[in-house]
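Here's the structure, in structure tokens; my notes come after.
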Amino acid sequence: MRWICFITALLILLEGCGYPVYEKVYIPTHCEIPLRERPQKSEDLVENIKNLLGYVELLESDLRFCVGGLRP
């Protein structure tokens, strides 16, 4: 009876070791793109949002270039 309990406990403890775990690994890359300047704030809220969205799109295209190597 002791052996059955021991083997059962051992199987439960070692159960996690039997399954392979695959995770994505991100490798940092060096990219030669100059840093873009942030848009200046103005009094108009709509103009601020428009400038900020344009800035974000430019940053996104720069990051795509670094990761994929192609500029959209």
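Residues are named by chain letter and number: chains run A, B, ... in the order of the structure tokens, numbers start at 1 in each chain, and ligands are numbered from 1 in the order shown.
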message: Could you pull out the alpha helix (DSSP H) residues of stretch 5-68 of chain A, going by DSSP on the backbone, and write them as a VMD selection string?
response: chain A and resid 5 to 13 45 to 68
message: Would you pick out the contacts of stretch 63-67 of chain A at 12 Å or less, using only C-alpha atoms, so that residues sharing its chain but fewer than 2 positions from it are not included, and give the list as a list in words?
response: Tyr26, Ile27, Pro28, Thr29, His30, Cys31, Glu32, Ile33, Pro34, Leu35, Arg36, Val56, Glu57, Leu58, Leu59, Glu60, Ser61, Gly69, Leu70, Arg71 and Pro72 of chain A
